[in-house]
Number of protein chains: 4
Amino acid sequence: MKLKVGILGATGMVGQRFIEQLKGHPWFEIEALFASERSAGKKYSDAASWYLTSRIPSDVSEMVIEKIDTKVIDRCNLDLIFSAIPSDIARRVEGSFAEYIPVFSNTATYRMEDDVPLVIPEVNPDHLELIKIQKENRGWNGFIVTNPNCTSIGLVIPLKPILDELGISWVNVATMQALSGAGYAGVPSMAIVDNVIPFIRNEEEKAELEGLKILGKLKENRIEFADFYISASCNRVMVRDGHTEAVFVKTKRDFSTDRVKEVFSEFKGEPQRLRLPTAPERPIVVMDKEDRPQPLFDRDLGAGMSVSVGRIRRKRKKLLTFICLSHNTIRGAAGASILNAELAREKKLI
Amino acid sequence: MKLKVGILGATGMVGQRFIEQLKGHPWFEIEALFASERSAGKKYSDAASWYLTSRIPSDVSEMVIEKIDTKVIDRCNLDLIFSAIPSDIARRVEGSFAEYIPVFSNTATYRMEDDVPLVIPEVNPDHLELIKIQKENRGWNGFIVTNPNCTSIGLVIPLKPILDELGISWVNVATMQALSGAGYAGVPSMAIVDNVIPFIRNEEEKAELEGLKILGKLKENRIEFADFYISASCNRVMVRDGHTEAVFVKTKRDFSTDRVKEVFSEFKGEPQRLRLPTAPERPIVVMDKEDRPQPLFDRDLGAGMSVSVGRIRRKRKKLLTFICLSHNTIRGAAGASILNAELAREKKLI
Amino acid sequence: MKLKVGILGATGMVGQRFIEQLKGHPWFEIEALFASERSAGKKYSDAASWYLTSRIPSDVSEMVIEKIDTKVIDRCNLDLIFSAIPSDIARRVEGSFAEYIPVFSNTATYRMEDDVPLVIPEVNPDHLELIKIQKENRGWNGFIVTNPNCTSIGLVIPLKPILDELGISWVNVATMQALSGAGYAGVPSMAIVDNVIPFIRNEEEKAELEGLKILGKLKENRIEFADFYISASCNRVMVRDGHTEAVFVKTKRDFSTDRVKEVFSEFKGEPQRLRLPTAPERPIVVMDKEDRPQPLFDRDLGAGMSVSVGRIRRKRKKLLTFICLSHNTIRGAAGASILNAELAREKKLI
Amino acid sequence: MKLKVGILGATGMVGQRFIEQLKGHPWFEIEALFASERSAGKKYSDAASWYLTSRIPSDVSEMVIEKIDTKVIDRCNLDLIFSAIPSDIARRVEGSFAEYIPVFSNTATYRMEDDVPLVIPEVNPDHLELIKIQKENRGWNGFIVTNPNCTSIGLVIPLKPILDELGISWVNVATMQALSGAGYAGVPSMAIVDNVIPFIRNEEEKAELEGLKILGKLKENRIEFADFYISASCNRVMVRDGHTEAVFVKTKRDFSTDRVKEVFSEFKGEPQRLRLPTAPERPIVVMDKEDRPQPLFDRDLGAGMSVSVGRIRRKRKKLLTFICLSHNTIRGAAGASILNAELAREKKLI
């Protein structure tokens, strides 16, 4: 018996990725699609402009979109929710659903709340323990688990084994982010053809803070943030999917590049040990070629769930630089939420 | 009476920029165009595939290309040479011309030689004093003056006033470089459409070293390099012209962003004081809008000779970040050499 | 004394081109900028996101945007209006201004009305005679003169000398249109990167009909449409500015390609004879190179007012094919309206 | 037992598509990879810069590239050859292999020879009968079967059912062709970013002639060409893969668009009846949405072997226009040759 899931924000870009990634999922099946009033009541294929190059799954195509209303939980026997709704309405909406059932959210709103886990399953699976505090605090039957922003995920996964092995004093990161990260109509073509936009609203703040919570330690029911700092400079470039990040890490202990490659290659986490359905075999893929990773060729590694890392250099003592690349709407969004739900289920939290 | 100039490598991308930038120049006129054997003897418009959006100047169009041979110096009464020839033949060729007349070179070959000035006129005009040592050392009647790599120029100009005002401990820089930097056929479209290439051969080495020579001090006829370090991560993105650079600077003294903006805006150098023909009114233009500079809109500021700087942030104590942008084939190449020649002339070195 | 002009729709893409093209105009000066309620009352530089690569003229930058209201005509002593407002409100708005003063409109609404001239000054300057009928019919003190859609202009200019010289049975045209034609936010980058969109709403209808009116004959106060037919297939490609059109013309008389080149090259019209300020020296520029015209290199010929034509081939008897290219927001929009106004003024209609 | 195949030109773009498309093929297995002297003797993964987004098959990766030499036929027990070698050496090389075994060629050289079949299996499977004439004429044990140019294939497949149903007087076609059609380094990025190139050398000639041979009738051992004419205008646009074509067809009998849609949708050929492994279920897919087909979304339909057709319009009596799109390196190149070989095998010709 598969768990029945609802998707909040089903017509947007991340919503579409949820639908694509859940196709044929062994544990979850889509039972309800929620979108704005404007779309509610319409057939999904009429309401959504499908922007992915994969085909729209035929069963989803025929589903009728629901108005955002918790009554649907009962009517459809929903077991959990995936959320990709805009942050301005997320506080109210996600909260209302979490009163009844678990919500796995890709939206920023709850990420930094003290009692809300912000989780990358390979990095901080133990933070799910916050759920019980959260339920007590808020009196919810369900709960909210969040995944980080797309930029943070691609960065934090490779930082984790570096932090464990070498310690980190600080990180500077400059990103080259894909167009899909802004939503389908987010970046007009006239804004980006023959151009770079060196600014993405609110993005640097997230990239600088979320990682410290994720890499933090759970102590006495709260997260003690990691004690280094991250400085980010976020840029939009003309790439459809895949965020590329140029990372400079000041480590606490010196290293050889060979050792760093090993540490990256050997990195595994709970999802790999538990063989979760959406877990990539290798969370980090080390690229040998000097000019890789590249978004066009490498964003789909591990079915979009692997972070590819290359150009690993020791610039000087304790100064490591590398390029990391991750698929911003799979590992960086829909896939991240799904993997969180898989972990929660395996831990009997759903 | 204008000085008569020859251009080495006249058919390539930087060669074309030399021709474009010298059109109507008050001090210099093109008297000889040199290119490879394959082009020699042909009319310029037949030999060169003009790739600029400006029109090819009609007089240049009709000129016949010369074989690379120092005999042309006499025949054409050349006073100086601008060079944009490939580095593999530059040592021999530039050296042979420098036996007779001054060479202003955009090629990397001689840049790091002890007795060769590597000059940005706004930053280190005094380094031209190396010329006399060079002439003694090598027994040349002429000399070689070099300008830095396109990535270095855009970075070093804004670093100069920061170094003077705040001191610098280290710099991390991630670049997003234009296609024209690789030459006309350097980046196949199949390599870059919907992609980023996080590698440019030999580029990081130049970006990390050249700035330290330029920002170094001339002491007893040699350059004492600046004593901080630069780490670079160089990327190619799908932009025709204009290198965008995300810069992180650890300063020695703390600062306010307002003060940094002032320091950038007020920065002037010898070219501005001397009113050299190619000097931009403002070497650094501070952008007020939060999403600028952008290559599409800002690369042509100051006729391509200004560096535009924006997103000036104090990330934490003594950690400054900003975005800088410069036109890689004007300020970063042909315009740089021409400005060097103008400075040399004003200093009676030609 | 310059005529005082107002611009309807001043913040949009064509509105910006009006402002750019009128900078330093010898006959017209901008006195009022009209835009939507949302922008009215704001300084132009605050209300408009300037998307052109040229700088915003400093005097315009400081102007305060007016609400759309004919009272401004008196307050500002306006002599004429340039209009680039959306077609859904154009009927009412343009009509209300035309009650008082001449309106030169780039909007489709009035183009096909019997008593409204649809004019390309090089092609059908005599159609301006409809103005007096129009004023009688409508009881207006002013009038409306329209210019065709961007696709039509680039096509009709080269068709004119062919029609005169060879006669035309039919025309098939496939277009490759620029992004700016859809307005700044009209084409999301996610829709067009690595893509072609073979559909532009309402565009083919315009391209098929407008030309026949323009090439028609004025007889007894009405236009007798040209008696051939045009079939169009309109496509969007990833180019910022410049519509490229592949044209197949079935002529009535046979021809040599050399003769067609002559006919194109020699073509001149009233604007050239009258030396109107915005008139290009050559309305049609014949390209010699086999791979031209190309939008990147040729859209700005004649300051964006020339149509460039190339690849002129006689495919078989009476079947002519060629490529034509024109700047869709200059010759195809703002420049077209301005040239119409210049012609009207020279003919003492203003 | 699978047939053993060799690939001529294995490192190029079409060669790579052959490798990709033959992965897991039920009838054919790759036994030899041939490339230029420069690559011969190297491991495939070292010699070839794999440009596809699919992974290089691991067994192929390890194969050593052969020098082009017919001795390899015996050594490797080759049963047939797929060829994607440059046309300048194809005459000699393909001929020398055809002395021994069948060659299925994607190269233009032999296409228009009287005794060489130029075949699209859905359109003219009977033309394979030329093989026996060819073998007699040339005294070969093997033979050569060619497939058309990428532009022709996408055009001729939809023309076939139109010709059968309505008759054709003439065809005008304007193409918007993908970058991959020029080979990996064929179009420099500087040539195409923000541009269209309205010229592709030798392409129009092929598009105008090949279709008439393919749609011709086999009579008394020779092909009687179809008796209408095709005029083509070929353009390069910034799309990675997928040629889009705007087609105007003058039919002999009038039609309704609904009937044309039916005729397209119902079209099937020998590959579908014989269920050949590479045959798409539907050779022509009719797109319902008004803005489709689009290369980004539709080039991979039918695993890259379907031609998608949309925007079917009756412009006037007997004038049909539509847009067709096909994957230029699958249906238009490697897939075409493989389908030809499958047909030949099913007909016991191999």
# chains A, B, ... in the order shown; residues from 1 in each chain; ligands from 1
>>> closest_atom_pairs(of="chain B", to="chain C", cutoff="9 Å", atoms="only C-alpha atoms", output="tab-separated table")
residue	atom	partner	partner_atom	distance
B:Tyr51	CA	C:Phe297	CA	8.3
B:Leu52	CA	C:Phe297	CA	7.6
B:Thr53	CA	C:Phe297	CA	5.1
B:Ser54	CA	C:Phe297	CA	7.9
B:Arg55	CA	C:Phe297	CA	8.8
B:Val193	CA	C:Asp194	CA	7.1
B:Asp194	CA	C:Asp194	CA	6.9
B:Leu296	CA	C:Thr53	CA	7.0
B:Phe297	CA	C:Thr53	CA	5.1
B:Asp298	CA	C:Thr53	CA	7.9
B:Asp300	CA	C:Thr53	CA	8.8
>>> write_last_selection(atoms="N, CA and C atoms", output="compact mmCIF listing (two decimals), in the first residue's frame")
# COMPACT_ATOMS: atom_id res chain seq x y z
N TYR B 51 34.71 40.47 -37.22
CA TYR B 51 33.70 39.93 -36.33
C TYR B 51 33.05 40.98 -35.44
N LEU B 52 33.52 42.22 -35.54
CA LEU B 52 32.96 43.26 -34.66
C LEU B 52 31.67 43.81 -35.24
N THR B 53 30.82 44.36 -34.38
CA THR B 53 29.58 44.92 -34.90
C THR B 53 29.79 46.31 -35.48
N SER B 54 30.90 46.94 -35.14
CA SER B 54 31.24 48.20 -35.83
C SER B 54 31.68 47.86 -37.25
N ARG B 55 31.64 48.85 -38.13
CA ARG B 55 32.08 48.63 -39.51
C ARG B 55 33.61 48.62 -39.56
N VAL B 193 26.23 26.48 -25.34
CA VAL B 193 24.79 26.76 -25.28
C VAL B 193 24.18 25.91 -24.15
N ASP B 194 23.48 26.56 -23.22
CA ASP B 194 22.91 25.90 -22.05
C ASP B 194 24.00 25.31 -21.16
N LEU B 296 25.95 43.05 -20.55
CA LEU B 296 25.19 43.59 -21.68
C LEU B 296 25.07 45.11 -21.63
N PHE B 297 24.85 45.63 -20.45
CA PHE B 297 24.57 47.05 -20.32
C PHE B 297 25.80 47.90 -19.97
N ASP B 298 26.78 47.31 -19.33
CA ASP B 298 27.83 48.13 -18.75
C ASP B 298 29.23 47.94 -19.33
N ASP B 300 30.39 48.68 -22.11
CA ASP B 300 30.85 49.77 -22.97
C ASP B 300 30.99 51.10 -22.24
>>> residues_around(residues="Ala98 (chain D)", least_positions_apart="4", cutoff="8 Å", atoms="only C-alpha atoms", output="list in words")
Glu94, Pro102, Val103, Trp140, Asn141, Gly142, Phe143 and Ile144 of chain D
>>> atom_distance(atom1="CA of Ser36 (chain A)", atom2="CA of Ile192 (chain C)")
26.0 Å
>>> residues_around(residues="Glu165 (chain B)", least_positions_apart="4", cutoff="9 Å", atoms="only C-alpha atoms", output="PyMOL selection string")
chain B and resi 160-161+253+260+263
>>> residues_around(residues="Ala333 (chain D)", least_positions_apart="6", cutoff="10 Å", atoms="only C-alpha atoms", output="list in words")
Met13, Val14, Gly15, Arg17, Phe18, Ala84, Ser105, Asn106, Thr107, Asn147, Pro148, Asn149, Cys150, Thr151, Ile153, Gly181 and His327 of chain D
>>> residues_around(residues="Arg236 (chain C)", least_positions_apart="5", cutoff="9 Å", atoms="only C-alpha atoms", output="list in words")
Thr175, Met176, Gln177, Ala178, Leu179, Ile192, Asn195, Val196, Ile197, Pro198, Phe199 and Ile200 of chain C
>>> write_last_selection(atoms="N, CA and C atoms", output="PDB file, in the first residue's frame")
ATOM      1  N   THR C 175       9.477  33.852 -41.074  1.00  0.00           N
ATOM      2  CA  THR C 175      10.244  34.833 -40.304  1.00  0.00           C
ATOM      3  C   THR C 175      10.979  34.185 -39.132  1.00  0.00           C
ATOM      4  N   MET C 176      12.071  34.822 -38.742  1.00  0.00           N
ATOM      5  CA  MET C 176      12.811  34.440 -37.537  1.00  0.00           C
ATOM      6  C   MET C 176      12.933  35.713 -36.720  1.00  0.00           C
ATOM      7  N   GLN C 177      12.013  35.883 -35.772  1.00  0.00           N
ATOM      8  CA  GLN C 177      11.826  37.184 -35.139  1.00  0.00           C
ATOM      9  C   GLN C 177      12.511  37.303 -33.786  1.00  0.00           C
ATOM     10  N   ALA C 178      12.879  38.541 -33.490  1.00  0.00           N
ATOM     11  CA  ALA C 178      13.648  38.826 -32.286  1.00  0.00           C
ATOM     12  C   ALA C 178      12.766  38.862 -31.043  1.00  0.00           C
ATOM     13  N   LEU C 179      13.418  38.646 -29.920  1.00  0.00           N
ATOM     14  CA  LEU C 179      12.749  38.622 -28.624  1.00  0.00           C
ATOM     15  C   LEU C 179      12.128  39.965 -28.257  1.00  0.00           C
ATOM     16  N   ILE C 192      12.819  29.856 -24.383  1.00  0.00           N
ATOM     17  CA  ILE C 192      13.531  30.060 -25.652  1.00  0.00           C
ATOM     18  C   ILE C 192      14.981  29.592 -25.651  1.00  0.00           C
ATOM     19  N   ASN C 195      15.925  26.713 -28.071  1.00  0.00           N
ATOM     20  CA  ASN C 195      14.589  26.469 -28.630  1.00  0.00           C
ATOM     21  C   ASN C 195      14.246  27.462 -29.736  1.00  0.00           C
ATOM     22  N   VAL C 196      13.214  27.106 -30.499  1.00  0.00           N
ATOM     23  CA  VAL C 196      12.549  27.985 -31.466  1.00  0.00           C
ATOM     24  C   VAL C 196      11.063  27.880 -31.159  1.00  0.00           C
ATOM     25  N   ILE C 197      10.343  28.982 -31.206  1.00  0.00           N
ATOM     26  CA  ILE C 197       8.893  28.931 -31.018  1.00  0.00           C
ATOM     27  C   ILE C 197       8.232  29.293 -32.344  1.00  0.00           C
ATOM     28  N   PRO C 198       7.558  28.319 -32.979  1.00  0.00           N
ATOM     29  CA  PRO C 198       7.065  28.562 -34.336  1.00  0.00           C
ATOM     30  C   PRO C 198       5.687  29.202 -34.350  1.00  0.00           C
ATOM     31  N   PHE C 199       5.444  30.122 -33.476  1.00  0.00           N
ATOM     32  CA  PHE C 199       4.119  30.737 -33.392  1.00  0.00           C
ATOM     33  C   PHE C 199       4.235  32.089 -32.704  1.00  0.00           C
ATOM     34  N   ILE C 200       3.604  33.102 -33.292  1.00  0.00           N
ATOM     35  CA  ILE C 200       3.500  34.419 -32.660  1.00  0.00           C
ATOM     36  C   ILE C 200       2.065  34.889 -32.887  1.00  0.00           C
TER      37      ILE C 200
END
>>> closest_residue(among="B:Gly269, B:Gly139, B:Pro188, B:Gly211", to="Ala232 (chain B)", atoms="only C-alpha atoms")
B:Gly211
>>> residues_around(residues="Glu37 (chain D)", least_positions_apart="5", cutoff="12 Å", atoms="only C-alpha atoms", output="mmCIF file with C-alpha atoms, in the first residue's frame")
data_model
loop_
_atom_site.group_PDB
_atom_site.id
_atom_site.type_symbol
_atom_site.label_atom_id
_atom_site.label_comp_id
_atom_site.auth_asym_id
_atom_site.auth_seq_id
_atom_site.Cartn_x
_atom_site.Cartn_y
_atom_site.Cartn_z
ATOM 1 C CA GLY D 9 34.064 8.287 -38.577
ATOM 2 C CA THR D 11 34.688 10.043 -33.153
ATOM 3 C CA LYS D 42 44.029 5.184 -29.102
ATOM 4 C CA ALA D 47 40.464 9.938 -28.731
ATOM 5 C CA ILE D 65 40.243 2.853 -32.669
ATOM 6 C CA GLU D 66 41.194 1.282 -35.988
ATOM 7 C CA LYS D 67 42.924 2.913 -38.897
ATOM 8 C CA ILE D 68 40.633 3.071 -41.937
ATOM 9 C CA ASP D 69 41.626 -0.134 -43.708
#
>>> residues_around(residues="Arg111 (chain B)", least_positions_apart="2", cutoff="8 Å", atoms="only C-alpha atoms", output="list of chain:residue names")
B:Thr107, B:Ala108, B:Thr109, B:Glu113, B:Val116, B:Pro117, B:Leu118, B:Thr146, B:Asn147, B:Pro148, B:Glu210
>>> write_last_selection(atoms="N, CA, C and O atoms", output="mmCIF file, in the first residue's frame")
data_model
loop_
_atom_site.group_PDB
_atom_site.id
_atom_site.type_symbol
_atom_site.label_atom_id
_atom_site.label_comp_id
_atom_site.auth_asym_id
_atom_site.auth_seq_id
_atom_site.Cartn_x
_atom_site.Cartn_y
_atom_site.Cartn_z
ATOM 1 N N THR B 107 50.306 40.292 -25.403
ATOM 2 C CA THR B 107 50.587 38.857 -25.304
ATOM 3 C C THR B 107 51.291 38.555 -23.979
ATOM 4 O O THR B 107 51.999 39.395 -23.443
ATOM 5 N N ALA B 108 51.089 37.353 -23.466
ATOM 6 C CA ALA B 108 51.556 37.014 -22.120
ATOM 7 C C ALA B 108 53.065 36.816 -22.019
ATOM 8 O O ALA B 108 53.645 36.969 -20.936
ATOM 9 N N THR B 109 53.693 36.509 -23.137
ATOM 10 C CA THR B 109 55.061 35.987 -23.106
ATOM 11 C C THR B 109 56.048 36.754 -22.225
ATOM 12 O O THR B 109 56.760 36.175 -21.413
ATOM 13 N N GLU B 113 58.709 38.886 -17.072
ATOM 14 C CA GLU B 113 60.167 39.073 -17.088
ATOM 15 C C GLU B 113 60.548 40.241 -16.162
ATOM 16 O O GLU B 113 59.853 41.258 -16.123
ATOM 17 N N VAL B 116 60.739 43.784 -17.719
ATOM 18 C CA VAL B 116 59.656 44.216 -18.614
ATOM 19 C C VAL B 116 58.513 44.802 -17.786
ATOM 20 O O VAL B 116 57.980 44.128 -16.907
ATOM 21 N N PRO B 117 58.153 46.038 -18.062
ATOM 22 C CA PRO B 117 57.039 46.633 -17.311
ATOM 23 C C PRO B 117 55.712 45.966 -17.682
ATOM 24 O O PRO B 117 55.456 45.731 -18.862
ATOM 25 N N LEU B 118 54.935 45.660 -16.669
ATOM 26 C CA LEU B 118 53.572 45.141 -16.844
ATOM 27 C C LEU B 118 52.686 46.244 -16.259
ATOM 28 O O LEU B 118 52.633 46.415 -15.043
ATOM 29 N N THR B 146 54.260 45.633 -21.583
ATOM 30 C CA THR B 146 53.122 44.707 -21.659
ATOM 31 C C THR B 146 51.950 45.216 -20.824
ATOM 32 O O THR B 146 52.119 46.020 -19.908
ATOM 33 N N ASN B 147 50.774 44.734 -21.210
ATOM 34 C CA ASN B 147 49.608 44.975 -20.345
ATOM 35 C C ASN B 147 49.114 43.630 -19.863
ATOM 36 O O ASN B 147 49.380 42.602 -20.485
ATOM 37 N N PRO B 148 48.423 43.622 -18.740
ATOM 38 C CA PRO B 148 48.035 42.322 -18.178
ATOM 39 C C PRO B 148 46.916 41.642 -18.974
ATOM 40 O O PRO B 148 46.287 42.244 -19.838
ATOM 41 N N GLU B 210 49.830 38.107 -11.952
ATOM 42 C CA GLU B 210 50.067 39.400 -12.600
ATOM 43 C C GLU B 210 49.729 40.581 -11.691
ATOM 44 O O GLU B 210 50.467 41.574 -11.637
#
>>> select_by_dssp(residues="region 39-249 of chain B", states="alpha helix (DSSP H)", output="PyMOL selection string")
chain B and resi 44-47+58-62+71-75+87-98+130-138+150-166+189-192+203-214
>>> atom_distance(atom1="CA of Leu3 (chain B)", atom2="CA of Gly183 (chain B)")
28.4 Å
>>> decode(residues="region 211-229 of chain B", atoms="N, CA and C atoms", output="tab-separated table (two decimals), in the first residue's frame")
chain	number	residue	atom	x	y	z
B	211	GLY	N	48.64	40.47	-10.97
B	211	GLY	CA	48.21	41.57	-10.10
B	211	GLY	C	49.26	41.91	-9.06
B	212	LEU	N	49.96	40.89	-8.59
B	212	LEU	CA	50.95	41.14	-7.54
B	212	LEU	C	52.16	41.90	-8.07
B	213	LYS	N	52.47	41.66	-9.35
B	213	LYS	CA	53.56	42.45	-9.96
B	213	LYS	C	53.10	43.90	-10.19
B	214	ILE	N	51.89	44.04	-10.72
B	214	ILE	CA	51.38	45.39	-11.03
B	214	ILE	C	51.25	46.23	-9.76
B	215	LEU	N	50.77	45.59	-8.70
B	215	LEU	CA	50.57	46.31	-7.45
B	215	LEU	C	51.85	46.35	-6.61
B	216	GLY	N	52.92	45.80	-7.19
B	216	GLY	CA	54.21	45.79	-6.49
B	216	GLY	C	54.88	47.16	-6.57
B	217	LYS	N	55.98	47.27	-5.83
B	217	LYS	CA	56.69	48.55	-5.77
B	217	LYS	C	58.00	48.44	-6.53
B	218	LEU	N	58.29	49.51	-7.26
B	218	LEU	CA	59.56	49.58	-7.98
B	218	LEU	C	60.64	50.00	-7.00
B	219	LYS	N	61.61	49.10	-6.76
B	219	LYS	CA	62.69	49.42	-5.82
B	219	LYS	C	64.01	49.02	-6.44
B	220	GLU	N	64.90	49.96	-6.52
B	220	GLU	CA	66.22	49.70	-7.08
B	220	GLU	C	66.15	48.90	-8.36
B	221	ASN	N	65.36	49.43	-9.30
B	221	ASN	CA	65.29	48.85	-10.63
B	221	ASN	C	64.67	47.46	-10.72
B	222	ARG	N	64.00	47.06	-9.71
B	222	ARG	CA	63.20	45.83	-9.83
B	222	ARG	C	61.89	45.98	-9.08
B	223	ILE	N	60.97	45.07	-9.42
B	223	ILE	CA	59.65	45.14	-8.82
B	223	ILE	C	59.59	44.23	-7.60
B	224	GLU	N	59.21	44.80	-6.52
B	224	GLU	CA	58.95	43.99	-5.32
B	224	GLU	C	57.44	43.71	-5.30
B	225	PHE	N	57.11	42.44	-5.45
B	225	PHE	CA	55.68	42.09	-5.60
B	225	PHE	C	54.87	42.46	-4.35
B	226	ALA	N	53.60	42.73	-4.57
B	226	ALA	CA	52.71	43.00	-3.44
B	226	ALA	C	52.63	41.76	-2.58
B	227	ASP	N	52.48	41.93	-1.28
B	227	ASP	CA	52.64	40.81	-0.37
B	227	ASP	C	51.32	40.24	0.15
B	228	PHE	N	50.31	40.19	-0.71
B	228	PHE	CA	49.11	39.41	-0.34
B	228	PHE	C	48.97	38.31	-1.37
B	229	TYR	N	47.91	37.54	-1.29
B	229	TYR	CA	47.76	36.52	-2.35
B	229	TYR	C	46.35	36.55	-2.92
